[in-house]
Amino acid sequence: MSSLLSTQPEVPVSAEAADLADQESLSAASRKKISRSTAKFARENPRRSWFAVISSLLLLLAALAGTLPFWAVPFRVVSSVLAALMLVRVFVIYHDHQHRAILSKSRLADRIMKVVGVLVLAPSSVWKHSHDAHHAHNSKLHGNDLGSYPTMTEARYRASSLSERIRYRVSRHPLTVLGGYLTSFLYAMCLGPFFDNPRKHLDGLISVVVHLAFITLMVLTVGWLGAFLTIFLPFIIASCLGSYLFYAQHNFPGVKLEDEDGWTYEGAALESSSFMRMPKVLHWFTGNIGYHHIHHLNARIPFYRLPEAYAAIPELQQAKTTSLSPVDIVRCFRLKVWSVEENRLVGYGKR
């Protein structure tokens with residue numbers, strides 16, 4: 001159990017990696033070399049992938065069963081929290097499938113994941129389009145809004161109208177991030193895209209209708225407490241954690257943003273995507289998405305091989321980091337606009 005609660009991967013840091021820690025950034029050639037070295041990890045084990053899919057879905061169903069009124073309330077509350085964590089894991093597995101990192105040749109997996117996308121409020125027509133855009137434009141100073149939390153330069157923010165500033169502040173406000181159930185998923189992943197293009201994103205409406213149908217069924221059969229513990233609380237916690245992870249892994253002290261001319265895919269992965277320090281048990285529940293710099297460097301690496309790549313490639317052990325500690329959370333939320341002069345994210349009106 002103590003190893004599960006360790007927050008640091010048990011990987012010795014080599015002398016080569018220690019030397020790299022003294023460098024502010026890697027050269028473009030070095031970044032490409034590191035990227036090429038990850039290729040051997042972008043090979044899945046189909047049996048392991050299927051085991052992860054099936055076991056995670058079964059564990060999610062078991063946790064949800066524990067929220068039903070056959071059990072004592074304390075047990076139901078614990079089960080509800082576990083269901084939330086399993087929702088995060090199932091979502092990351094779905095995310096990996098959308099990247100074609102796992103089970104890309106299985107029609108059965110395609111059908112299962114299409115249903116999963118609807119059930120977790122991230123239908124595939126919306127998620128794949130927005131997330132692919134995120135990977136293609138991560139950390140760009142311009143054109144980074146789709147699939148990401150928007151980032152303005154100080155100059156652009158000052159030149160914006162009052163309504164634009166309000167929308168921008170709302171989009172990056174902690175309550176918007178932590179309220180991801182309503183903001184990131186029900187609205188941004190479902191209703192917003194459907195209203196923008198009903199024909200293309202019909203699955204967004206289907207996802208909301210199915211979600212509301214489950215809520216109605218739970219209220220009618222087990223009451224509001226049952227609906228809260230089985231649906232609302234798991235989705236609120238999972239969406240809060242997922243949205244914050246997504247925010248903090250690209251909005252942290254030391255992140256680098258570039259204009260179009262200076263941007264490279266490898267640089268965005270290694271300089272603008274963080275490694276999230278967390279206990280090993282949380283790495284498991286979050287599908288190793290904390291190894292985010294490696295995921296952005298090579299999105300075809302299955303989630304279960306990300307720690308393996310981290311351990312094998314010394315340069316990846318020198319990632320920029322953040323964590324789920326209250327201090328780090330506050331630090332990340334204080335970052336609002338990009339200062340071109342200081343080459344860093346700063347707060348509103350702060351230099």
# chains A, B, ... in the order shown; residues from 1 in each chain; ligands from 1

$ residues_around --residues "Thr176 in chain A" --least-positions-apart "6" --cutoff "12 Å" --atoms "only C-alpha atoms" --output "list in words"
Tyr149, Arg167, Tyr168, Arg169, Val170, Leu182, Thr183, Ser184, Phe185, Tyr187, Ala188, Ser239, Cys240, Ser243, Tyr244, Tyr247 and Phe333 of chain A

$ write_last_selection --atoms "N, CA and C atoms" --output "PDB file, in the first residue's frame"
ATOM      1  N   TYR A 149      -8.573  25.722 -22.925  1.00  0.00           N
ATOM      2  CA  TYR A 149      -8.935  26.966 -22.259  1.00  0.00           C
ATOM      3  C   TYR A 149      -8.193  28.094 -22.971  1.00  0.00           C
ATOM      4  N   ARG A 167     -16.145  37.508 -20.954  1.00  0.00           N
ATOM      5  CA  ARG A 167     -16.202  36.109 -21.445  1.00  0.00           C
ATOM      6  C   ARG A 167     -14.884  35.394 -21.184  1.00  0.00           C
ATOM      7  N   TYR A 168     -13.788  36.107 -21.397  1.00  0.00           N
ATOM      8  CA  TYR A 168     -12.469  35.504 -21.181  1.00  0.00           C
ATOM      9  C   TYR A 168     -12.258  35.178 -19.705  1.00  0.00           C
ATOM     10  N   ARG A 169     -12.608  36.116 -18.829  1.00  0.00           N
ATOM     11  CA  ARG A 169     -12.453  35.875 -17.397  1.00  0.00           C
ATOM     12  C   ARG A 169     -13.316  34.699 -16.935  1.00  0.00           C
ATOM     13  N   VAL A 170     -14.527  34.634 -17.457  1.00  0.00           N
ATOM     14  CA  VAL A 170     -15.404  33.522 -17.098  1.00  0.00           C
ATOM     15  C   VAL A 170     -14.815  32.194 -17.566  1.00  0.00           C
ATOM     16  N   LEU A 182     -21.087  20.970 -15.737  1.00  0.00           N
ATOM     17  CA  LEU A 182     -21.981  21.836 -16.505  1.00  0.00           C
ATOM     18  C   LEU A 182     -21.265  22.531 -17.664  1.00  0.00           C
ATOM     19  N   THR A 183     -20.056  23.046 -17.388  1.00  0.00           N
ATOM     20  CA  THR A 183     -19.387  23.899 -18.374  1.00  0.00           C
ATOM     21  C   THR A 183     -18.666  23.108 -19.464  1.00  0.00           C
ATOM     22  N   SER A 184     -17.812  22.182 -19.055  1.00  0.00           N
ATOM     23  CA  SER A 184     -16.983  21.466 -20.030  1.00  0.00           C
ATOM     24  C   SER A 184     -17.728  20.341 -20.737  1.00  0.00           C
ATOM     25  N   PHE A 185     -18.620  19.672 -19.999  1.00  0.00           N
ATOM     26  CA  PHE A 185     -19.237  18.477 -20.569  1.00  0.00           C
ATOM     27  C   PHE A 185     -20.666  18.720 -21.074  1.00  0.00           C
ATOM     28  N   TYR A 187     -22.342  21.444 -21.504  1.00  0.00           N
ATOM     29  CA  TYR A 187     -22.442  22.541 -22.475  1.00  0.00           C
ATOM     30  C   TYR A 187     -21.403  22.416 -23.592  1.00  0.00           C
ATOM     31  N   ALA A 188     -20.119  22.490 -23.257  1.00  0.00           N
ATOM     32  CA  ALA A 188     -19.076  22.574 -24.285  1.00  0.00           C
ATOM     33  C   ALA A 188     -18.958  21.307 -25.125  1.00  0.00           C
ATOM     34  N   SER A 239     -15.922  15.140 -13.391  1.00  0.00           N
ATOM     35  CA  SER A 239     -15.780  16.274 -14.297  1.00  0.00           C
ATOM     36  C   SER A 239     -14.888  17.349 -13.697  1.00  0.00           C
ATOM     37  N   CYS A 240     -15.010  17.559 -12.402  1.00  0.00           N
ATOM     38  CA  CYS A 240     -14.156  18.524 -11.709  1.00  0.00           C
ATOM     39  C   CYS A 240     -12.693  18.110 -11.812  1.00  0.00           C
ATOM     40  N   SER A 243     -11.529  18.151 -15.613  1.00  0.00           N
ATOM     41  CA  SER A 243     -11.365  19.504 -16.139  1.00  0.00           C
ATOM     42  C   SER A 243     -10.141  20.188 -15.546  1.00  0.00           C
ATOM     43  N   TYR A 244      -9.921  19.973 -14.244  1.00  0.00           N
ATOM     44  CA  TYR A 244      -8.743  20.604 -13.641  1.00  0.00           C
ATOM     45  C   TYR A 244      -7.452  20.001 -14.186  1.00  0.00           C
ATOM     46  N   TYR A 247      -6.815  21.537 -17.439  1.00  0.00           N
ATOM     47  CA  TYR A 247      -6.381  22.924 -17.295  1.00  0.00           C
ATOM     48  C   TYR A 247      -4.934  23.001 -16.818  1.00  0.00           C
ATOM     49  N   PHE A 333      -4.192  28.475 -10.919  1.00  0.00           N
ATOM     50  CA  PHE A 333      -5.378  29.305 -11.140  1.00  0.00           C
ATOM     51  C   PHE A 333      -5.047  30.802 -11.189  1.00  0.00           C
TER      52      PHE A 333
END

$ closest_atom_pairs --of "range 206-264 of chain A" --to "range 295-315 of chain A" --cutoff "12 Å" --atoms "only C-alpha atoms" --output "tab-separated table"
residue	atom	partner	partner_atom	distance
A:Gln249	CA	A:His296	CA	10.6
A:His250	CA	A:His296	CA	10.8
A:Thr264	CA	A:Leu297	CA	10.7

$ residues_around --residues "His97 in chain A" --least-positions-apart "6" --cutoff "8 Å" --atoms "only C-alpha atoms" --output "PyMOL selection string"
chain A and resi 103-104+113

$ write_last_selection --atoms "N, CA and C atoms" --output "PDB file, in the first residue's frame"
ATOM      1  N   LEU A 103      -6.784  -0.647 -29.561  1.00  0.00           N
ATOM      2  CA  LEU A 103      -7.898  -1.349 -30.218  1.00  0.00           C
ATOM      3  C   LEU A 103      -8.400  -0.623 -31.472  1.00  0.00           C
ATOM      4  N   SER A 104      -7.492  -0.071 -32.233  1.00  0.00           N
ATOM      5  CA  SER A 104      -7.875   0.722 -33.407  1.00  0.00           C
ATOM      6  C   SER A 104      -8.446  -0.126 -34.542  1.00  0.00           C
ATOM      7  N   MET A 113     -16.934   2.006 -27.564  1.00  0.00           N
ATOM      8  CA  MET A 113     -16.447   3.339 -27.235  1.00  0.00           C
ATOM      9  C   MET A 113     -17.389   4.444 -27.718  1.00  0.00           C
TER      10      MET A 113
END

$ closest_residue --among "A:His201, A:Arg344, A:His293, A:His211" --to "Thr153 in chain A" --atoms "only C-alpha atoms"
A:Arg344

$ atom_distance --atom1 "CA of Pro193 in chain A" --atom2 "CA of Val81 in chain A"
29.3 Å

$ select_by_dssp --residues "range 81-122 of chain A" --states "helix (DSSP H, G or I)" --output "PyMOL selection string"
chain A and resi 81-98+107-119

$ residues_around --residues "Ile289 in chain A" --least-positions-apart "6" --cutoff "10 Å" --atoms "only C-alpha atoms" --output "list of chain:residue names"
A:Val88, A:Arg89, A:Val92, A:Ile93, A:His95, A:Asp96, A:Gly242, A:Leu245, A:Phe246, A:Gln249, A:Phe275, A:Met276, A:Leu282, A:His283, A:His295, A:Phe303, A:Tyr304, A:Leu306

$ closest_residue --among "A:Trp284, A:Tyr94, A:Tyr265, A:Phe41" --to "Lys128 in chain A" --atoms "only C-alpha atoms"
A:Tyr94

$ closest_residue --among "A:Ala65, A:Ile102, A:Ala133, A:Ala28" --to "Arg47 in chain A" --atoms "only C-alpha atoms"
A:Ile102

$ closest_residue --among "A:Ser125, A:Thr286, A:Ser79, A:Ser148" --to "Leu59 in chain A" --atoms "only C-alpha atoms"
A:Ser79

$ residues_around --residues "Glu271 in chain A" --least-positions-apart "2" --cutoff "9 Å" --atoms "only C-alpha atoms" --output "list in words"
Ser25, Leu26, Gly254, Val255, Lys256, Leu257, Glu266, Gly267, Ala268, Ala269, Ser273, Ser274, His293, Ala319 and Lys320 of chain A

$ write_last_selection --atoms "C-alpha atoms" --output "PDB file, in the first residue's frame"
ATOM      1  CA  SER A  25      15.008  24.139 -22.917  1.00  0.00           C
ATOM      2  CA  LEU A  26      16.015  21.531 -25.460  1.00  0.00           C
ATOM      3  CA  GLY A 254       7.001  27.679 -16.337  1.00  0.00           C
ATOM      4  CA  VAL A 255       4.763  26.811 -19.289  1.00  0.00           C
ATOM      5  CA  LYS A 256       5.966  28.148 -22.641  1.00  0.00           C
ATOM      6  CA  LEU A 257       3.699  29.599 -25.317  1.00  0.00           C
ATOM      7  CA  GLU A 266       7.681  18.488 -29.940  1.00  0.00           C
ATOM      8  CA  GLY A 267       8.336  21.770 -28.171  1.00  0.00           C
ATOM      9  CA  ALA A 268       4.682  22.095 -27.230  1.00  0.00           C
ATOM     10  CA  ALA A 269       4.816  18.631 -25.682  1.00  0.00           C
ATOM     11  CA  SER A 273       2.687  20.109 -21.142  1.00  0.00           C
ATOM     12  CA  SER A 274       3.316  19.132 -17.540  1.00  0.00           C
ATOM     13  CA  HIS A 293       4.113  15.583 -21.735  1.00  0.00           C
ATOM     14  CA  ALA A 319       9.480  17.354 -17.324  1.00  0.00           C
ATOM     15  CA  LYS A 320       7.976  20.518 -15.936  1.00  0.00           C
TER      16      LYS A 320
END

$ closest_residue --among "A:Leu270, A:Ala42, A:Leu212, A:Ala72" --to "Ala227 in chain A" --atoms "only C-alpha atoms"
A:Leu212
